Amino acid sequence: MLMLTLTGAKAQTAQPSDVLQTAQTVNRYFMNKYSDPTIPTYVNKVRSSNLWTRAVYYEGLMALYGIDARQEYLDYTDRWADFHQWTARNGIEVTNADDQCCQQVYLERYLQTGDEKMMEQVRKNLDHQMGTRRADYWTWIDAIQMCMPVYTHFYHITGEERYLNYAIDSYLWTRNTCGGGLFNTDEGLWWRDKDFVPPYKEADGSNCYWSRGSGWVFAALVRAMTDLGMRDGKFKPRTRAAKQPFKQLKQDFILMSQALLKCQREDGLWNPSLMCEANYGGKELTGSALFLYGLAWGVRNKILDAATFRAACDKAWQGLANDCVHRDGFLGYVQGTGKEPSSSQPVTYTRVPDFEDYGTGCFLLAASQYYRLCAGAKRK
């Protein structure tokens, strides 16, 4: 495995106020540029604004609201969700995880308000999918982030174990069966889909693991474990049925964390191709931000040893904040849409990706979780 160990000057823990200010700047840039959240996107074709790329932005915005409770964030979210009638993209009968991702945000707003309209259509969509009696829809690992937290959020809200069971059955199918199993437990990283399992190699002979793909899974594990009952360093299972799934997700999360630590770059970020410097080595924001989101959460909740992982969090934030954020809040080094390290290359500081929204969402997830880590350390 590629060893990009953290040597040189030790990264310093950031001040919480600085982390928050950076997150606010990044978000302000986005909200100003996309002031009307109902307008469809146009990249080669028109797409409604509740597609997955925008949904990930709102995941990040809800995380930012958790540390910076501004009404404007809720107003912006509700205007978007009201326009889409709190419904999955393309209706309640969709089974494509990309179309279902927006429902994570609807359910988070339900938890904040108790307004039934925010979850009614979600229930219809999930019940429809479970009614097909199939758990083999997630054939690409991005789908785990797009949809598993929808089911675990719904389980968290209702306590109905069938939603949790379906989420875990689907996750395990992708993990163990799809393409022969997309999680390589020997190396702690994920093949992107059934077309990327061995012998898919990079130029230097290393296995090809796409940074953002593994990042999606890493983030989904955090969100699902939180729903199952992990908060503030303690696991209090919502139901008895949550114990075994939590154990499985935690095990995978730790394996991934150990693997990611080994391939972190000197500057604190991660390559688009996680184990390869020769092919598509270089800074990349989205995967790096998702990894910081997970690592900071793991340290905060004592799943990861702070003595081992805290420095990696500080180093990752330093790389994101210093190397990727422009003065006006634009984010550099965001890899555009695709499915592998070669997609949307070159990734540079100034290149505008085809979609800006999911990069902002990933950054806000990372910033919000790192802020909490720094604020907790400061209180001590």
# chains A, B, ... in the order shown; residues from 1 in each chain; ligands from 1
$ select_by_dssp --residues "range 102-322 of chain A" --states "strand (DSSP E)" --output "list in words"
Phe183, Asn184, Leu189, Trp190, Met230, Arg231, Lys234 and Phe235 of chain A
$ residues_around --residues "range 180-187 of chain A" --least-positions-apart "6" --cutoff "7 Å" --atoms "only C-alpha atoms" --output "ChimeraX atom specification"
/A:174,193,259
$ closest_residue --among "A:Tyr58, A:Trp80, A:Tyr65, A:Phe218" --to "Gly359 in chain A" --atoms "only C-alpha atoms"
A:Tyr58
$ closest_residue --among "A:Trp52, A:Trp140, A:Trp216, A:Tyr34" --to "Gln100 in chain A" --atoms "only C-alpha atoms"
A:Trp52
$ residues_around --residues "Leu274 in chain A" --least-positions-apart "4" --cutoff "7 Å" --atoms "only C-alpha atoms" --output "ChimeraX atom specification"
/A:209-211,263,270
$ write_last_selection --atoms "C-alpha atoms" --output "compact mmCIF listing (two decimals), in the first residue's frame"
# COMPACT_ATOMS: atom_id res chain seq x y z
CA TYR A 209 -9.57 3.05 -5.54
CA TRP A 210 -11.37 6.29 -6.32
CA SER A 211 -11.13 8.83 -3.54
CA CYS A 263 -2.56 7.10 2.12
CA TRP A 270 -5.83 12.71 -0.63
$ atom_distance --atom1 "CA of Tyr358 in chain A" --atom2 "CA of Leu290 in chain A"
11.0 Å
$ atom_distance --atom1 "CA of Ser48 in chain A" --atom2 "CA of Val217 in chain A"
24.7 Å
$ atom_distance --atom1 "CA of Gly268 in chain A" --atom2 "CA of Gln318 in chain A"
7.0 Å
$ closest_residue --among "A:Lys283, A:Lys201, A:His153, A:Lys247" --to "Ala224 in chain A" --atoms "only C-alpha atoms"
A:His153
$ closest_residue --among "A:Glu72, A:Asp354, A:Glu120, A:Asp267" --to "Ala321 in chain A" --atoms "only C-alpha atoms"
A:Asp267
